[in-house]
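*Asks:* Structure file target26.txt, compact mmCIF, C-alpha atoms, is pasted below:
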# COMPACT_ATOMS: atom_id res chain seq x y z
CA MET E 29 62.81 104.41 85.70
CA ILE E 30 65.50 104.60 88.36
CA ARG E 31 68.47 102.37 87.46
CA ILE E 32 70.53 100.74 90.20
CA ALA E 33 73.50 98.40 90.02
CA ILE E 34 74.42 96.13 92.94
CA THR E 35 78.09 95.26 93.39
CA LYS E 36 79.39 91.73 93.08
CA PRO E 37 79.84 90.10 96.51
CA ASP E 38 83.59 89.70 95.95
CA PHE E 39 86.08 92.46 95.25
CA PHE E 40 87.89 92.56 91.92
CA GLU E 41 90.72 94.56 90.40
CA GLY E 42 89.48 97.76 88.83
CA GLU E 43 86.18 97.73 90.72
CA ALA E 44 86.31 101.41 91.65
CA ASP E 45 86.98 102.33 88.02
CA LYS E 46 84.01 100.23 86.92
CA ILE E 47 81.73 101.87 89.49
CA VAL E 48 82.81 105.31 88.31
CA SER E 49 82.13 104.36 84.69
CA LEU E 50 78.71 102.88 85.47
CA LEU E 51 77.78 106.20 87.08
CA GLY E 52 78.86 108.06 83.96
CA LEU E 53 82.33 109.43 84.74
CA LEU E 54 85.90 108.41 84.01
CA SER E 55 88.96 108.85 86.21
CA THR E 56 91.92 110.76 84.78
CA HIS E 57 93.97 107.70 83.93
CA GLN E 58 90.97 106.13 82.18
CA LYS E 59 90.36 109.25 80.12
CA ALA E 60 94.01 109.25 79.12
CA ALA E 61 93.48 105.87 77.47
CA ILE E 62 90.80 107.25 75.15
CA PRO E 63 92.00 108.95 71.91
CA THR E 64 91.61 112.71 71.61
CA ASP E 65 90.92 114.77 68.50
CA GLU E 66 93.18 117.43 66.99
CA MET E 67 91.93 119.93 69.57
CA GLY E 68 92.85 117.64 72.46
CA ARG E 69 89.22 116.85 73.25
CA ASN E 70 88.08 113.42 74.33
CA ALA E 71 87.10 111.50 71.20
CA VAL E 72 84.28 109.71 73.01
CA TYR E 73 82.78 112.44 75.14
CA GLU E 74 83.86 115.34 77.33
CA ARG E 75 82.31 115.84 80.75
CA LYS E 76 82.51 119.29 82.32
CA ASP E 77 81.15 117.96 85.60
CA MET E 78 84.14 115.67 86.23
CA VAL E 79 84.62 115.23 89.96
CA GLU E 80 87.97 115.36 91.69
CA ASP E 81 90.65 112.89 90.57
CA PHE E 82 91.75 110.12 92.86
CA PRO E 83 95.10 108.35 93.21
CA MET E 84 95.71 104.69 92.50
CA LYS E 85 94.08 102.53 95.18
CA PRO E 86 93.86 98.75 95.64
CA PHE E 87 90.59 98.54 93.71
CA VAL E 88 91.66 100.80 90.83
CA SER E 89 92.96 98.95 87.79
CA LYS E 90 96.66 99.17 87.02
CA SER E 91 96.12 99.20 83.27
CA SER E 92 93.55 101.68 81.95
CA GLU E 93 90.98 100.74 79.36
CA ALA E 94 88.84 102.93 77.15
CA LEU E 95 85.32 102.60 78.52
CA ALA E 96 83.48 103.78 75.42
CA ASP E 97 80.77 101.14 75.63
CA LYS E 98 77.11 100.81 76.50
CA THR E 99 77.75 100.51 80.22
CA VAL E 100 79.10 104.05 80.70
CA GLY E 101 76.57 106.16 82.53
CA LYS E 102 74.00 103.38 82.64
CA PHE E 103 73.07 103.64 86.34
CA ASP E 104 71.76 106.30 88.71
CA ARG E 105 73.00 104.60 91.89
CA ILE E 106 75.32 101.81 93.00
CA HIS E 107 74.48 99.65 96.02
CA ILE E 108 77.59 98.42 97.84
CA ARG E 109 76.65 94.86 98.80
CA LYS E 110 79.51 92.67 100.03
CA PRO E 111 78.16 90.45 102.84
CA ASP E 112 81.50 88.92 103.85
CA ALA E 113 83.61 92.07 103.59
CA SER E 114 85.19 93.73 106.61
CA ARG E 115 84.67 97.34 107.56
CA GLU E 116 88.20 98.09 106.40
CA GLU E 117 87.64 96.52 102.98
CA ILE E 118 84.47 98.52 102.36
CA ALA E 119 86.26 101.67 103.52
CA ALA E 120 89.09 101.02 101.07
CA LEU E 121 86.63 100.70 98.20
CA LEU E 122 84.82 103.90 99.18
CA SER E 123 88.15 105.71 99.42
CA ALA E 124 88.96 104.67 95.85
CA ILE E 125 85.76 106.28 94.53
CA PRO E 126 85.68 110.09 94.13
CA SER E 127 83.76 111.63 97.01
CA GLY E 128 81.69 113.59 94.51
CA LEU E 129 80.01 110.32 93.61
CA HIS E 130 79.39 109.17 97.18
CA PRO E 131 75.82 110.59 97.28
CA ARG E 132 74.99 107.99 94.63
CA LEU E 133 76.32 105.08 96.71
CA VAL E 134 74.23 103.06 99.16
CA LEU E 135 75.61 100.83 101.93
CA HIS E 136 74.24 97.35 102.64
CA ASP E 137 76.63 96.70 105.53
CA HIS E 138 78.85 98.57 108.01
CA PHE E 139 76.49 101.54 108.28
CA GLU E 140 78.84 103.12 110.82
CA LEU E 141 81.10 104.08 107.89
CA ILE E 142 78.84 107.10 107.46
CA GLU E 143 81.00 108.74 110.13
CA ASP E 144 84.08 108.50 107.89
CA PHE E 145 82.22 108.93 104.60
CA PRO E 146 79.44 111.43 105.39
CA ARG E 147 78.49 111.97 101.75
CA VAL E 148 77.37 108.38 101.19
CA GLY E 149 73.79 108.52 99.93
CA GLY E 150 71.89 105.95 101.94
CA PHE E 151 71.41 102.68 103.80
CA HIS E 152 69.81 99.48 102.55
CA LEU E 153 68.13 97.19 105.06
CA ASN E 154 68.13 93.42 104.72
CA ARG E 155 68.08 90.27 106.85
CA ARG E 156 71.66 90.89 108.00
CA ASN E 157 70.96 94.50 108.89
CA PRO E 158 67.23 94.92 109.55
CA SER E 159 67.41 98.43 111.01
CA VAL E 160 69.53 101.54 111.45
CA SER E 161 68.32 102.17 114.99
CA PHE E 162 71.82 101.90 116.40
CA LEU E 163 72.84 104.93 114.35
CA LEU E 164 70.04 106.97 115.83
CA LYS E 165 71.28 106.31 119.36
CA ASP E 166 74.20 108.58 118.67
CA ASP E 167 73.16 112.24 118.61
CA LYS E 168 75.46 113.05 115.70
CA PHE E 169 73.43 110.73 113.45
CA VAL E 170 69.94 111.86 114.50
CA GLU E 171 69.67 114.53 111.81
CA ILE E 172 70.19 111.96 109.05
CA PHE E 173 66.58 110.80 109.27
CA LYS E 174 64.76 114.02 110.09
CA GLY E 175 62.48 116.11 107.93
CA GLU E 176 63.61 116.94 104.43
CA ASP E 177 66.78 114.91 104.87
CA ARG E 178 64.56 111.87 104.22
CA THR E 179 64.02 112.93 100.62
CA ALA E 180 62.92 110.09 98.37
CA LEU E 181 65.19 109.11 95.50
CA SER E 182 64.12 110.63 92.21
CA GLY E 183 65.71 111.76 88.98
CA GLU E 184 66.07 115.28 90.37
CA SER E 185 67.47 114.25 93.74
CA LEU E 186 70.36 111.96 92.84
CA GLY E 187 72.70 114.40 94.53
CA ILE E 188 70.54 114.88 97.62
CA LYS E 189 72.09 116.07 100.86
CA GLY E 190 70.09 113.66 102.99
CA LYS E 191 70.14 109.88 103.12
CA THR E 192 67.76 107.40 101.58
CA LEU E 193 66.51 104.30 103.32
CA SER E 194 65.70 101.22 101.25
CA ARG E 195 64.95 97.57 101.98
CA SER E 196 64.96 94.12 100.36
CA CYS E 197 61.56 92.44 100.08
CA HIS E 198 60.82 88.92 98.88
CA SER E 199 57.03 88.96 98.96
CA LEU E 200 54.20 91.36 98.19
CA ASP E 201 53.26 91.27 101.88
CA GLU E 202 56.71 92.58 102.77
CA VAL E 203 56.38 95.32 100.16
CA ALA E 204 53.06 96.42 101.65
CA LYS E 205 54.56 96.33 105.15
CA TYR E 206 57.79 98.23 104.54
CA LYS E 207 57.15 100.49 101.55
CA GLN E 208 55.75 103.40 103.53
CA GLU E 209 58.73 103.65 105.87
CA CYS E 210 61.32 103.47 103.08
CA ASP E 211 62.21 105.67 100.15
CA TYR E 212 62.13 102.60 97.94
CA VAL E 213 62.16 98.81 98.24
CA PHE E 214 63.50 95.97 96.12
CA LEU E 215 61.14 93.12 95.22
CA SER E 216 62.80 89.88 94.15
CA PRO E 217 63.19 87.57 92.39
CA ILE E 218 61.17 88.93 89.45
CA PHE E 219 62.93 86.80 86.83
CA ASP E 220 65.27 83.82 87.11
CA SER E 221 68.52 85.12 88.57
CA ILE E 222 71.53 85.67 86.32
CA SER E 223 74.09 85.59 89.16
CA LYS E 224 72.52 83.05 91.56
CA VAL E 225 72.09 79.53 90.26
CA GLY E 226 68.69 78.06 91.17
CA TYR E 227 67.24 81.40 92.30
CA SER E 228 64.06 81.35 90.22
CA SER E 229 61.27 83.83 89.64
CA ALA E 230 58.72 83.93 92.44
CA PHE E 231 55.99 85.88 90.66
CA THR E 232 53.84 85.36 87.56
CA SER E 233 52.94 88.17 85.20
CA ASP E 234 49.31 88.01 86.37
CA ILE E 235 50.35 88.37 90.02
CA LEU E 236 52.51 91.41 89.26
CA GLN E 237 49.82 93.05 87.14
CA GLN E 238 47.28 92.59 89.93
CA ALA E 239 49.72 93.94 92.52
CA ASN E 240 50.09 97.05 90.39
CA LYS E 241 46.30 97.44 90.14
CA ASP E 242 46.06 97.01 93.92
CA GLY E 243 48.62 99.79 94.46
CA ILE E 244 51.22 97.47 95.98
CA ILE E 245 53.67 97.83 93.10
CA ASP E 246 54.22 101.49 92.30
CA GLY E 247 57.01 104.02 91.80
CA LYS E 248 58.64 103.13 95.13
CA VAL E 249 59.07 99.47 94.23
CA TYR E 250 62.12 98.42 92.20
CA ALA E 251 62.43 95.05 90.48
CA LEU E 252 65.41 92.80 91.25
CA GLY E 253 66.39 89.37 90.00
CA GLY E 254 67.32 88.40 86.44
CA ILE E 255 66.97 91.96 85.15
CA SER E 256 68.36 92.65 81.69
CA ILE E 257 67.75 95.44 79.19
CA ASP E 258 65.31 93.39 77.11
CA LYS E 259 63.00 93.03 80.13
CA ILE E 260 62.63 96.74 80.96
CA GLY E 261 59.42 97.05 78.93
CA LEU E 262 57.77 94.37 81.05
CA LEU E 263 58.81 96.12 84.26
CA GLN E 264 57.20 99.31 83.04
CA GLU E 265 53.98 97.44 82.20
CA TRP E 266 53.92 96.02 85.73
CA GLY E 267 54.31 99.49 87.25
CA PHE E 268 57.78 99.27 88.80
CA GLY E 269 59.47 102.59 89.50
CA GLY E 270 62.94 101.25 88.80
CA TYR E 271 65.12 98.19 88.69
CA ALA E 272 68.30 96.85 90.23
CA MET E 273 70.84 94.76 88.34
CA LEU E 274 73.57 92.52 89.67
CA GLY E 275 74.74 89.94 87.12
CA ALA E 276 74.01 91.90 83.94
CA ALA E 277 75.46 95.15 85.29
CA TRP E 278 79.03 93.90 85.47
CA ARG E 279 79.27 92.17 82.13
CA ASP E 280 81.79 93.73 79.77
Could I get this structure in the form of structure tokens?
*Replies:*
Amino acid sequence: MIRIAITKPDFFEGEADKIVSLLGLLSTHQKAAIPTDEMGRNAVYERKDMVEDFPMKPFVSKSSEALADKTVGKFDRIHIRKPDASREEIAALLSAIPSGLHPRLVLHDHFELIEDFPRVGGFHLNRRNPSVSFLLKDDKFVEIFKGEDRTALSGESLGIKGKTLSRSCHSLDEVAKYKQECDYVFLSPIFDSISKVGYSSAFTSDILQQANKDGIIDGKVYALGGISIDKIGLLQEWGFGGYAMLGAAWRD
């Protein structure tokens, strides 16, 4: 299953470091905090595919911590969702994340940042931003959504050159309507939300099983809402192709 983490709506100190760790890499100053063996090798793990280092930025923690825990490398993609953030704030966060990881980031707002951060991996549509049509009006963006550049997200294409298009759905009717024009869609809330008080599950197990039998829920539909590790088995039974976490993803 594809694993996605959605950022908290508010910024926090060390957020860029946390994003890097959730994607499976450590920055240089984080690695320095982890003990090495007698040969100078990282005592936790050594990654040969480490991307370029990045200097201290506003969202990088001032005090490094060893991130040898179960969250390291847990997610395939991170969705940058900060509804109240300015363009400049999102840009600062992106700047603090190594560009080698940008293909695994997806924007929920300020899509025009693709001009400054061309390696960002995709756009997520929602009620605030229901389309990317304004990008297509500018010739320099036309190629983003042509031909093979619209490659669907899969385990083999996490570093794709093109951009993915995804969308939030809150009903099975919306899934049926939008699934074909997107690389993947979120369906929520599947379980009672961890991060949003009072945001309760909207679907019974029987409804989800039937939607899978009807071909509505398939590999392009990712579960969102109250997702935790102990519920992954259920998601697989219901036929979801992946899941997105918000509350559980950022717990230490």
*Asks:* Which is closest to Val203 in chain E among E:Trp266, E:Phe39, E:Tyr250, E:Tyr227, if we use all atoms listed in the file?
*Replies:*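 Nearest to Val203 in chain E: E:Tyr250.
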*Asks:* At a cut-off of 12 Å, using all atoms listed in the file, what residues contact range 256-264 of chain E? Leave out same-chain residues fewer than 4 positions from it and give the result as a PyMOL selection string.
*Replies:* chain E and resi 29-33+98-99+102+215+218-223+232-234+236-237+240+245-247+249-252+268-279
*Asks:* Just the number, please: distance in Å from CA of His136 in chain E to CA of Ile235 in chain E, one decimal.
*Replies:*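 Straight-line distance from CA of His136 in chain E to CA of Ile235 in chain E works out to 28.5 Å.
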*Asks:* Need the neighbours of (78.5, 97.7, 104.4): which residues are at most 7 Å away, counting only C-alpha atoms, as a short mmCIF file (atom, residue, chain, number, x, y, z; two decimals) with C-alpha atoms, in the coordinates of the input?
*Replies:*
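Resulting contents of result-v4.cif:
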data_model
loop_
_atom_site.label_atom_id
_atom_site.label_comp_id
_atom_site.auth_asym_id
_atom_site.auth_seq_id
_atom_site.Cartn_x
_atom_site.Cartn_y
_atom_site.Cartn_z
CA ILE E 108 77.59 98.42 97.84
CA ARG E 109 76.65 94.86 98.80
CA LYS E 110 79.51 92.67 100.03
CA ARG E 115 84.67 97.34 107.56
CA ILE E 118 84.47 98.52 102.36
CA LEU E 135 75.61 100.83 101.93
CA HIS E 136 74.24 97.35 102.64
CA ASP E 137 76.63 96.70 105.53
CA HIS E 138 78.85 98.57 108.01
CA PHE E 139 76.49 101.54 108.28
#
*Asks:* Pick the closest to Arg195 in chain E from E:Arg147, E:Leu122, E:Ala113, E:His107: which is it, counting all atoms listed in the file?
*Replies:*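 When distances to Arg195 in chain E are compared using all atoms listed in the file, the smallest one comes from E:His107.
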*Asks:* I'd like the interatomic distance between CA of Pro146 in chain E and CA of Gly128 in chain E, to a tenth of an Å.
*Replies:*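 CA of Gly128 in chain E lies at a distance of 11.3 Å from CA of Pro146 in chain E.
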*Asks:* Nearest to Glu116 in chain E among E:Val134, E:Phe214, E:Glu140, E:Gly149, with distances taken over all atoms listed in the file: which residue is it?
*Replies:*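 Among the listed residues, the smallest separation from Glu116 in chain E belongs to E:Glu140.
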*Asks:* Around range 228-238 of chain E, with edges along x, y and z and 4 Å added on all six sides, what centre and edge lengths do you get, in Å to one decimal, as AutoDock Vina command-line options?
*Replies:*
--center_x 55.7 --center_y 87.2 --center_z 88.8 --size_x 24.8 --size_y 19.7 --size_z 15.2
*Asks:* Which residue is closest to Arg132 in chain E? Choose from E:Pro111, E:Gly52, E:Gly42, E:Pro217 and count all atoms listed in the file.
*Replies:*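 Of all the options, E:Gly52 lies closest to Arg132 in chain E.
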*Asks:* Using all atoms listed in the file, which residues sit within 10 Å of Ser159 in chain E once same-chain residues fewer than 4 positions away are excluded, as a list in words?
*Replies:*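 Returned residues: Phe139, Phe151, His152, Leu153, Asn154, Arg155, Leu163, Leu193 and Arg195 of chain E.
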*Asks:* Can you work out which one of E:Tyr212, E:Phe40, E:Tyr206, E:Phe231 has the shortest atom-to-atom distance to Leu121 in chain E, counting only C-alpha atoms?
*Replies:* E:Phe40
